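Colleague: File follows, input-v4.cif with mmCIF, C-alpha atoms:
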```cif
data_data
loop_
_atom_site.label_atom_id
_atom_site.label_comp_id
_atom_site.auth_asym_id
_atom_site.auth_seq_id
_atom_site.Cartn_x
_atom_site.Cartn_y
_atom_site.Cartn_z
CA MET A 921 -0.55 1.34 -3.40
CA ASP A 922 -2.93 0.14 -0.75
CA TYR A 923 -5.36 -1.78 -2.89
CA LEU A 924 -6.65 -5.00 -1.31
CA LYS A 925 -6.37 -8.26 -3.18
CA GLN A 926 -9.46 -10.44 -3.43
CA GLU A 927 -8.10 -12.90 -0.88
CA ASP A 928 -7.65 -10.03 1.58
CA TYR A 929 -11.34 -9.18 1.77
CA GLU A 930 -13.14 -12.41 0.97
CA GLU A 931 -14.01 -14.44 4.05
CA PRO A 932 -15.58 -17.92 4.32
CA ARG A 933 -19.36 -18.01 4.26
CA CYS A 934 -21.10 -18.75 7.54
CA LEU A 935 -22.92 -22.11 7.14
CA LEU A 936 -24.96 -21.53 10.28
CA CYS A 937 -26.23 -18.22 8.90
CA GLU A 938 -27.38 -19.95 5.70
CA THR A 939 -29.55 -22.37 7.66
CA ASP A 940 -30.78 -20.05 10.40
CA PRO A 941 -33.03 -17.31 8.97
CA GLN A 942 -33.37 -15.77 12.43
CA SER A 943 -29.61 -15.26 12.78
CA LYS A 944 -28.10 -11.81 12.77
CA GLU A 945 -26.36 -12.60 9.47
CA ALA A 946 -29.70 -13.11 7.77
CA HIS A 947 -30.59 -9.45 8.32
CA ILE A 948 -27.33 -7.98 7.03
CA ILE A 949 -27.48 -6.07 3.75
CA ARG A 950 -24.13 -6.74 2.16
CA ILE A 951 -22.40 -4.29 -0.14
CA PRO A 952 -21.00 -5.63 -3.47
CA VAL A 953 -17.35 -5.66 -2.40
CA GLY A 954 -15.99 -6.93 -5.71
CA ARG A 955 -17.75 -4.18 -7.68
CA VAL A 956 -16.75 -1.55 -5.12
CA ILE A 957 -13.07 -2.43 -5.57
CA GLU A 958 -13.42 -2.64 -9.36
CA LYS A 959 -14.94 0.85 -9.52
CA LEU A 960 -12.31 2.16 -7.10
CA ASP A 961 -9.55 0.84 -9.35
CA ALA A 962 -11.16 2.70 -12.26
CA TYR A 963 -11.01 5.97 -10.30
CA PHE A 964 -7.36 5.37 -9.41
CA ALA A 965 -6.54 4.53 -13.02
CA LYS A 966 -7.61 8.09 -13.91
CA ASN A 967 -5.97 9.58 -10.79
CA ASP A 968 -9.43 10.77 -9.73
CA THR A 969 -8.89 10.86 -5.98
CA ASP A 970 -11.97 13.03 -5.37
CA GLY A 971 -14.12 10.49 -7.17
CA ALA A 972 -12.47 7.66 -5.24
CA LYS A 973 -13.18 9.43 -1.95
CA ARG A 974 -16.85 10.02 -2.80
CA HIS A 975 -17.16 6.42 -3.90
CA LEU A 976 -15.67 5.02 -0.70
CA LEU A 977 -17.60 7.32 1.61
CA HIS A 978 -20.84 6.31 -0.13
CA TRP A 979 -20.14 2.62 0.39
CA LYS A 980 -18.95 3.23 3.94
CA LYS A 981 -22.36 4.65 4.73
CA GLU A 982 -24.12 1.78 2.94
CA ALA A 983 -22.08 -0.82 4.84
CA GLU A 984 -22.74 0.88 8.18
CA GLU A 985 -26.47 1.19 7.55
CA GLY A 986 -26.71 -2.40 6.35
CA GLY A 987 -24.76 -3.79 9.26
CA ASP A 988 -22.14 -5.21 6.87
CA ASP A 989 -19.00 -5.19 9.02
CA ARG A 990 -16.99 -7.22 6.54
CA GLY A 991 -17.82 -4.87 3.70
CA LEU A 992 -17.04 -1.94 5.97
CA PHE A 993 -13.69 -3.56 6.77
CA THR A 994 -12.72 -3.46 3.09
CA VAL A 995 -13.88 0.13 2.63
CA LEU A 996 -12.03 1.39 5.71
CA ASN A 997 -8.81 -0.27 4.55
CA GLU A 998 -9.03 1.68 1.31
CA LEU A 999 -10.04 4.93 3.02
CA VAL A 1000 -7.01 4.77 5.32
CA GLY A 1001 -4.67 4.80 2.32
CA LEU A 1002 -6.63 7.51 0.56
CA PHE A 1003 -6.60 9.87 3.55
CA ARG A 1004 -2.89 9.19 4.12
CA LYS A 1005 -1.93 10.02 0.55
CA ALA A 1006 -4.06 13.18 0.71
CA GLY A 1007 -2.19 14.31 3.84
CA ASP A 1008 -5.45 14.33 5.82
CA GLU A 1009 -3.96 13.41 9.20
CA ALA A 1010 -7.12 13.74 11.29
CA HIS A 1011 -9.26 11.49 9.09
CA ALA A 1012 -6.40 9.05 8.46
CA LEU A 1013 -5.81 8.52 12.17
CA GLN A 1014 -9.54 8.40 12.95
CA THR A 1015 -10.14 5.81 10.23
CA THR A 1016 -7.12 3.79 11.37
CA ASP A 1017 -8.53 3.60 14.89
CA ALA A 1018 -11.91 2.50 13.54
CA LEU A 1019 -10.28 -0.11 11.33
CA LEU A 1020 -8.19 -1.57 14.16
CA ALA A 1021 -11.30 -1.81 16.36
CA LEU A 1022 -13.30 -3.46 13.58
CA SER A 1023 -10.51 -5.95 12.88
CA ALA A 1024 -10.55 -6.96 16.54
CA LYS A 1025 -14.35 -7.19 16.57
CA LEU A 1026 -14.29 -9.53 13.55
CA GLY A 1027 -11.52 -11.67 15.00
CA MET A 1028 -9.19 -10.93 12.11
CA GLU A 1029 -6.15 -9.89 14.11
CA THR A 1030 -4.36 -13.21 13.66
CA GLY A 1031 -4.90 -13.62 9.91
CA ILE A 1032 -3.79 -12.09 6.62
CA SER A 1033 -6.57 -9.51 6.77
CA GLY A 1034 -5.42 -8.43 10.22
CA ALA A 1035 -1.84 -8.19 8.99
CA THR A 1036 -3.03 -5.89 6.20
CA VAL A 1037 -4.66 -3.67 8.81
CA PHE A 1038 -1.43 -3.50 10.82
CA LEU A 1039 0.50 -2.65 7.65
CA ASN A 1040 -1.91 0.14 6.76
CA ALA A 1041 -1.79 1.48 10.33
CA GLY A 1042 2.00 1.52 10.18
CA THR A 1043 2.05 3.49 6.95
CA VAL A 1044 -0.29 6.07 8.48
CA TYR A 1045 1.83 6.61 11.58
CA LYS A 1046 4.99 6.75 9.45
CA ALA A 1047 3.41 9.38 7.19
CA PHE A 1048 2.47 11.59 10.13
CA GLY A 1049 5.77 11.54 11.98
CA GLN A 1050 5.37 8.73 14.48
CA PRO A 1051 8.02 6.20 13.40
CA GLU A 1052 8.21 4.31 16.72
CA LYS A 1053 4.46 3.65 16.70
CA ALA A 1054 4.62 2.78 13.00
CA LEU A 1055 7.35 0.22 13.66
CA THR A 1056 5.21 -1.46 16.32
CA PHE A 1057 2.47 -2.08 13.76
CA PHE A 1058 4.92 -3.18 11.07
CA GLU A 1059 6.40 -5.74 13.47
CA LYS A 1060 2.92 -7.13 14.12
CA ALA A 1061 2.27 -7.34 10.37
CA ARG A 1062 5.65 -8.97 9.79
CA ALA A 1063 5.03 -11.72 12.35
CA LEU A 1064 1.75 -12.64 10.64
CA TYR A 1065 2.93 -12.30 7.03
CA GLU A 1066 6.06 -14.35 7.58
CA SER A 1067 4.11 -17.14 9.27
CA LEU A 1068 1.15 -17.18 6.86
CA LEU A 1069 2.56 -16.25 3.43
CA PRO A 1070 5.06 -18.04 1.19
CA PRO A 1071 8.49 -16.34 1.33
CA THR A 1072 8.20 -15.02 -2.24
CA ASP A 1073 4.78 -13.39 -1.82
CA ALA A 1074 4.86 -9.82 -3.15
CA ARG A 1075 3.00 -8.57 -0.08
CA LEU A 1076 6.11 -9.29 1.96
CA ALA A 1077 8.12 -7.01 -0.34
CA GLY A 1078 5.64 -4.21 0.25
CA LEU A 1079 5.87 -4.68 4.00
CA TYR A 1080 9.68 -4.75 3.99
CA ASN A 1081 9.87 -1.56 1.93
CA ASN A 1082 7.54 0.28 4.29
CA MET A 1083 9.24 -1.08 7.40
CA ALA A 1084 12.68 -0.10 6.09
CA LEU A 1085 11.53 3.50 5.59
CA VAL A 1086 10.77 3.69 9.31
CA LEU A 1087 14.07 2.08 10.25
CA VAL A 1088 15.89 4.76 8.22
CA ASP A 1089 13.97 7.43 10.15
CA LEU A 1090 15.21 5.78 13.35
CA GLY A 1091 18.81 5.61 12.12
CA ARG A 1092 18.83 1.79 11.95
CA TYR A 1093 20.45 1.75 8.52
CA ASP A 1094 21.86 -1.79 8.40
CA GLU A 1095 18.48 -3.31 9.25
CA ALA A 1096 16.77 -1.11 6.68
CA GLU A 1097 19.27 -1.98 3.96
CA SER A 1098 18.79 -5.69 4.60
CA LEU A 1099 15.01 -5.32 4.28
CA TYR A 1100 15.31 -3.38 1.02
CA GLU A 1101 17.58 -6.07 -0.42
CA THR A 1102 15.16 -8.79 0.67
CA ALA A 1103 12.28 -6.88 -0.92
CA LEU A 1104 14.20 -6.63 -4.18
CA ASP A 1105 14.96 -10.35 -4.11
CA ILE A 1106 11.24 -11.11 -3.70
CA LEU A 1107 10.22 -8.69 -6.46
CA HIS A 1108 12.72 -10.19 -8.91
CA LYS A 1109 11.17 -13.61 -8.28
CA GLN A 1110 7.67 -12.53 -9.30
CA PRO A 1111 6.25 -14.05 -12.52
CA THR A 1112 5.87 -10.58 -14.07
CA PRO A 1113 8.10 -7.50 -13.66
CA SER A 1114 7.06 -5.00 -11.00
CA PRO A 1115 7.61 -1.22 -11.00
CA ASP A 1116 8.12 -1.55 -7.25
CA VAL A 1117 11.70 -2.58 -8.07
CA ALA A 1118 12.35 1.07 -8.91
CA VAL A 1119 10.82 2.17 -5.59
CA SER A 1120 13.18 -0.11 -3.66
CA HIS A 1121 16.23 1.22 -5.52
CA LEU A 1122 15.23 4.83 -4.89
CA ASN A 1123 14.63 4.03 -1.24
CA LEU A 1124 18.15 2.60 -1.11
CA ALA A 1125 19.48 5.83 -2.64
CA ASN A 1126 17.78 7.81 0.12
CA LEU A 1127 19.20 5.46 2.74
CA ILE A 1128 22.73 5.90 1.40
CA GLU A 1129 22.37 9.67 1.50
CA ALA A 1130 21.08 9.58 5.09
CA ARG A 1131 23.86 7.26 6.21
CA ASP A 1132 26.86 8.46 4.17
CA GLY A 1133 25.95 11.93 2.95
CA LEU A 1134 25.61 13.16 -0.63
CA LEU A 1135 29.33 13.49 -1.30
CA ASP A 1136 30.64 10.28 0.23
CA GLY A 1137 27.66 8.31 -1.01
CA ASN A 1138 27.50 9.84 -4.48
CA ALA A 1139 28.70 6.84 -6.50
CA ALA A 1140 26.45 4.38 -4.66
CA ILE A 1141 23.48 6.74 -4.94
CA MET A 1142 23.94 7.09 -8.70
CA GLU A 1143 24.13 3.31 -9.03
CA GLN A 1144 20.75 2.95 -7.35
CA LEU A 1145 19.24 5.69 -9.51
CA ASP A 1146 20.47 4.00 -12.68
CA LYS A 1147 18.93 0.72 -11.55
CA ALA A 1148 15.64 2.45 -10.74
CA GLU A 1149 15.52 4.13 -14.14
CA ALA A 1150 16.25 0.84 -15.90
CA ALA A 1151 13.51 -0.88 -13.91
CA LEU A 1152 10.88 1.67 -14.93
CA ASN A 1153 12.02 1.43 -18.54
CA ASP A 1154 11.47 -2.34 -18.67
CA PRO A 1155 9.29 -2.83 -21.78
CA ALA A 1156 7.58 -5.81 -20.12
CA LEU A 1157 5.95 -3.61 -17.46
CA PRO A 1158 2.17 -3.18 -17.90
CA GLN A 1159 1.40 0.45 -18.72
CA ASP A 1160 -1.50 0.64 -16.29
CA GLY A 1161 -2.71 2.87 -13.48
CA TYR A 1162 -0.33 1.37 -10.97
CA TYR A 1163 2.62 1.94 -13.26
CA ALA A 1164 1.49 5.56 -13.62
CA PHE A 1165 1.25 5.90 -9.84
CA VAL A 1166 4.79 4.59 -9.38
CA CYS A 1167 6.17 6.85 -12.12
CA GLU A 1168 4.50 9.86 -10.51
CA LYS A 1169 5.81 8.82 -7.09
CA CYS A 1170 9.38 8.29 -8.32
CA ALA A 1171 9.72 11.39 -10.52
CA PRO A 1172 10.52 13.88 -7.72
CA THR A 1173 13.29 11.65 -6.35
CA PHE A 1174 14.97 11.52 -9.75
CA GLY A 1175 14.79 15.30 -9.88
CA TYR A 1176 16.17 15.67 -6.37
CA TYR A 1177 19.33 13.81 -7.38
CA GLY A 1178 19.75 15.73 -10.63
CA TYR A 1179 18.18 13.22 -13.04
CA PHE A 1180 16.03 15.95 -14.54
CA ALA A 1181 15.34 14.22 -17.87
CA ALA A 1182 14.15 11.09 -16.04
CA LYS A 1183 11.96 13.18 -13.77
CA ALA A 1184 10.26 14.86 -16.72
CA ASP A 1185 9.94 11.60 -18.65
CA PHE A 1186 8.30 9.63 -15.86
CA ALA A 1187 6.00 12.49 -14.86
CA GLU A 1188 4.84 12.72 -18.48
CA ARG A 1189 4.28 8.98 -18.69
CA ALA A 1190 2.05 9.15 -15.63
CA ARG A 1191 0.12 12.07 -17.10
CA ARG A 1192 -0.48 10.24 -20.39
CA ILE A 1193 -1.66 7.05 -18.71
CA TYR A 1194 -4.05 8.89 -16.39
CA ALA A 1195 -5.39 10.85 -19.34
CA GLY A 1196 -5.84 7.67 -21.38
CA THR A 1197 -3.70 8.95 -24.24
#
```
Any chance you could put this one into structure tokens?
Modeller:
Amino acid sequence: MDYLKQEDYEEPRCLLCETDPQSKEAHIIRIPVGRVIEKLDAYFAKNDTDGAKRHLLHWKKEAEEGGDDRGLFTVLNELVGLFRKAGDEAHALQTTDALLALSAKLGMETGISGATVFLNAGTVYKAFGQPEKALTFFEKARALYESLLPPTDARLAGLYNNMALVLVDLGRYDEAESLYETALDILHKQPTPSPDVAVSHLNLANLIEARDGLLDGNAAIMEQLDKAEAALNDPALPQDGYYAFVCEKCAPTFGYYGYFAAKADFAERARRIYAGT
């Protein structure tokens, strides 16, 4: 998912602004970013996308009216993902443009926050059929992430997975496969298990089909599906909203390849978690 981590949206305080009451900063009405994200997570945990949208649009307006560009930056990052997942191309692209402009205005283009913007922009252009443009943004994000993050940071795995999807669209299968394998290596090194392991294995199954075809690639595809199913069945995985999101996202792929019981099982798990039962 596209949730921001705390370190992605927190920025250093301006010491000059604290001592200069006449500064522009002194007149900014800041939105409560931490609480905004906490409430957003609660909406996502219930799969309440309408509520999440209302929530974000409310705080977008508050940030704009209060002159809080940094708060607006966080809200726009979340809105981009929400519009993309809803298939709302016009608003997704419009919000992406606004976010890129705001990132430049705030001087964030060379930091982790800027890399997150490039990643989100890439996912939008990938979703709406512009893989070449998506790859351009992913390459920008990659340059920053690889220079600023430790090599086992989970954010790199997310980037590599998204970038590999575009490379498959462009027929660059060997490069995509290498990125998927690197993403898996990073995910396996995390202190707690991640359901994203299953996503990587299913992505590899799709890559094998695109490259080799269903018949020639059948054995390798089934191997990836088995690994994905085992990953989602790991009892150590937290049964939270993100796990539900991944189960819901993966279920159709299992069904596509004939794993109908797995499809039904994971779809039901997502339903139960979202319903709180």
Colleague: Can you work out which one of A:Ala1074, A:Ala1164, A:Cys1170, A:Leu1127 has the shortest atom-to-atom distance to Ala1190 of chain A, counting only C-alpha atoms?
Modeller: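 Looking only at the distances to Ala1190 of chain A, the closest residue turns out to be A:Ala1164.
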Colleague: Neighbouring residues of segment 1011-1027 of chain A were defined as those with any atom within 7 Å, considering all atoms listed in the file; residues of the same chain fewer than 2 positions away were excluded. Please report them as a list in words.
Modeller: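 The neighbour list is Phe993, Leu996, Asn997, Val1000, Phe1003, Arg1004, Asp1008, Glu1009, Glu1029, Gly1034, Val1037, Ala1041 and Val1044 of chain A.
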Colleague: List the neighbours of Pro1070 of chain A out to 12 Å using only C-alpha atoms; skip same-chain residues closer than 6 positions along the sequence, and give me the result as a VMD selection string.
Modeller: chain A and resid 1032 1064 1076 to 1077 1106
Colleague: When distances are computed from all atoms listed in the file, which of A:Arg1062, A:Lys1053, A:Lys981, A:Lys1109 shows the smallest separation from Asn1081 of chain A?
Modeller: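 Of the candidates, the smallest distance to Asn1081 of chain A is held by A:Arg1062.
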Colleague: Carefully work through the PyMOL selection byres ((chain A and resi 1093-1103) around 12) for this structure and note down the residues it includes, as a PDB file with C-alpha atoms, keeping the file's coordinate frame.
Modeller:
```
ATOM      1  CA  LEU A1055       7.350   0.220  13.660  1.00  0.00           C
ATOM      2  CA  ARG A1062       5.650  -8.970   9.790  1.00  0.00           C
ATOM      3  CA  PRO A1071       8.490 -16.340   1.330  1.00  0.00           C
ATOM      4  CA  THR A1072       8.200 -15.020  -2.240  1.00  0.00           C
ATOM      5  CA  ASP A1073       4.780 -13.390  -1.820  1.00  0.00           C
ATOM      6  CA  ALA A1074       4.860  -9.820  -3.150  1.00  0.00           C
ATOM      7  CA  ARG A1075       3.000  -8.570  -0.080  1.00  0.00           C
ATOM      8  CA  LEU A1076       6.110  -9.290   1.960  1.00  0.00           C
ATOM      9  CA  ALA A1077       8.120  -7.010  -0.340  1.00  0.00           C
ATOM     10  CA  GLY A1078       5.640  -4.210   0.250  1.00  0.00           C
ATOM     11  CA  LEU A1079       5.870  -4.680   4.000  1.00  0.00           C
ATOM     12  CA  TYR A1080       9.680  -4.750   3.990  1.00  0.00           C
ATOM     13  CA  ASN A1081       9.870  -1.560   1.930  1.00  0.00           C
ATOM     14  CA  ASN A1082       7.540   0.280   4.290  1.00  0.00           C
ATOM     15  CA  MET A1083       9.240  -1.080   7.400  1.00  0.00           C
ATOM     16  CA  ALA A1084      12.680  -0.100   6.090  1.00  0.00           C
ATOM     17  CA  LEU A1085      11.530   3.500   5.590  1.00  0.00           C
ATOM     18  CA  VAL A1086      10.770   3.690   9.310  1.00  0.00           C
ATOM     19  CA  LEU A1087      14.070   2.080  10.250  1.00  0.00           C
ATOM     20  CA  VAL A1088      15.890   4.760   8.220  1.00  0.00           C
ATOM     21  CA  ASP A1089      13.970   7.430  10.150  1.00  0.00           C
ATOM     22  CA  LEU A1090      15.210   5.780  13.350  1.00  0.00           C
ATOM     23  CA  GLY A1091      18.810   5.610  12.120  1.00  0.00           C
ATOM     24  CA  ARG A1092      18.830   1.790  11.950  1.00  0.00           C
ATOM     25  CA  LEU A1104      14.200  -6.630  -4.180  1.00  0.00           C
ATOM     26  CA  ASP A1105      14.960 -10.350  -4.110  1.00  0.00           C
ATOM     27  CA  ILE A1106      11.240 -11.110  -3.700  1.00  0.00           C
ATOM     28  CA  LEU A1107      10.220  -8.690  -6.460  1.00  0.00           C
ATOM     29  CA  HIS A1108      12.720 -10.190  -8.910  1.00  0.00           C
ATOM     30  CA  LYS A1109      11.170 -13.610  -8.280  1.00  0.00           C
ATOM     31  CA  GLN A1110       7.670 -12.530  -9.300  1.00  0.00           C
ATOM     32  CA  SER A1114       7.060  -5.000 -11.000  1.00  0.00           C
ATOM     33  CA  ASP A1116       8.120  -1.550  -7.250  1.00  0.00           C
ATOM     34  CA  VAL A1117      11.700  -2.580  -8.070  1.00  0.00           C
ATOM     35  CA  ALA A1118      12.350   1.070  -8.910  1.00  0.00           C
ATOM     36  CA  VAL A1119      10.820   2.170  -5.590  1.00  0.00           C
ATOM     37  CA  SER A1120      13.180  -0.110  -3.660  1.00  0.00           C
ATOM     38  CA  HIS A1121      16.230   1.220  -5.520  1.00  0.00           C
ATOM     39  CA  LEU A1122      15.230   4.830  -4.890  1.00  0.00           C
ATOM     40  CA  ASN A1123      14.630   4.030  -1.240  1.00  0.00           C
ATOM     41  CA  LEU A1124      18.150   2.600  -1.110  1.00  0.00           C
ATOM     42  CA  ALA A1125      19.480   5.830  -2.640  1.00  0.00           C
ATOM     43  CA  ASN A1126      17.780   7.810   0.120  1.00  0.00           C
ATOM     44  CA  LEU A1127      19.200   5.460   2.740  1.00  0.00           C
ATOM     45  CA  ILE A1128      22.730   5.900   1.400  1.00  0.00           C
ATOM     46  CA  GLU A1129      22.370   9.670   1.500  1.00  0.00           C
ATOM     47  CA  ALA A1130      21.080   9.580   5.090  1.00  0.00           C
ATOM     48  CA  ARG A1131      23.860   7.260   6.210  1.00  0.00           C
ATOM     49  CA  ASP A1132      26.860   8.460   4.170  1.00  0.00           C
ATOM     50  CA  GLN A1144      20.750   2.950  -7.350  1.00  0.00           C
TER      51      GLN A1144
END
```
Colleague: Enter the distance from atom CA of Ile949 of chain A to atom CA of Gly986 of chain A, in Å, rounded to one decimal.
Modeller: 4.6 Å
Colleague: From (8.0, 13.6, -11.0), in the file's coordinates, out to 6 Å: which residues are reached, counting only C-alpha atoms? Answer as a VMD selection string.
Modeller: chain A and resid 1168 1171 to 1172 1183 1187
Colleague: Quick one: which residues end up in the PyMOL selection byres ((chain A and resi 950) around 8) for this structure, as a tab-separated table (two decimals) with C-alpha atoms, keeping the file's coordinate frame?
Modeller:
```
chain	number	residue	atom	x	y	z
A	948	ILE	CA	-27.33	-7.98	7.03
A	949	ILE	CA	-27.48	-6.07	3.75
A	951	ILE	CA	-22.40	-4.29	-0.14
A	952	PRO	CA	-21.00	-5.63	-3.47
A	983	ALA	CA	-22.08	-0.82	4.84
A	986	GLY	CA	-26.71	-2.40	6.35
A	987	GLY	CA	-24.76	-3.79	9.26
A	988	ASP	CA	-22.14	-5.21	6.87
A	991	GLY	CA	-17.82	-4.87	3.70
```
Colleague: With all atoms of segment 1156-1171 of chain A from the file as input, state the centre and edge lengths in Å to one decimal of the axis-aligned box that has 5 Å extra on each side, as AutoDock Vina command-line options.
Modeller:
```
--center_x 3.5 --center_y 2.8 --center_z -13.6 --size_x 22.4 --size_y 27.2 --size_z 23.0
```
Colleague: Quick one: of A:Ala1156, A:Ile957, A:Ala1150, A:Ala972, who's nearest to Phe1186 of chain A, counting all atoms listed in the file?
Modeller: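 Among A:Ala1156, A:Ile957, A:Ala1150, A:Ala972, it is A:Ala1150 that comes nearest to Phe1186 of chain A.
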Colleague: So how many Å separate atom CA of Glu1149 of chain A and atom CA of Ala1181 of chain A, to one decimal?
Modeller: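 These atoms are spaced 10.8 Å apart.
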Colleague: Which one is closest to Leu1002 of chain A: A:Ala1063, A:Leu1157, A:Leu1145, A:Leu977? Count all atoms listed in the file.
Modeller: A:Leu977
Colleague: Expanded to explicit residues, what is the PyMOL selection byres ((chain A and resi 966) around 8) for this file, as a list in words?
Modeller: Ala962, Tyr963, Phe964, Ala965, Asn967, Asp968, Gly1161, Ile1193, Tyr1194, Ala1195 and Gly1196 of chain A
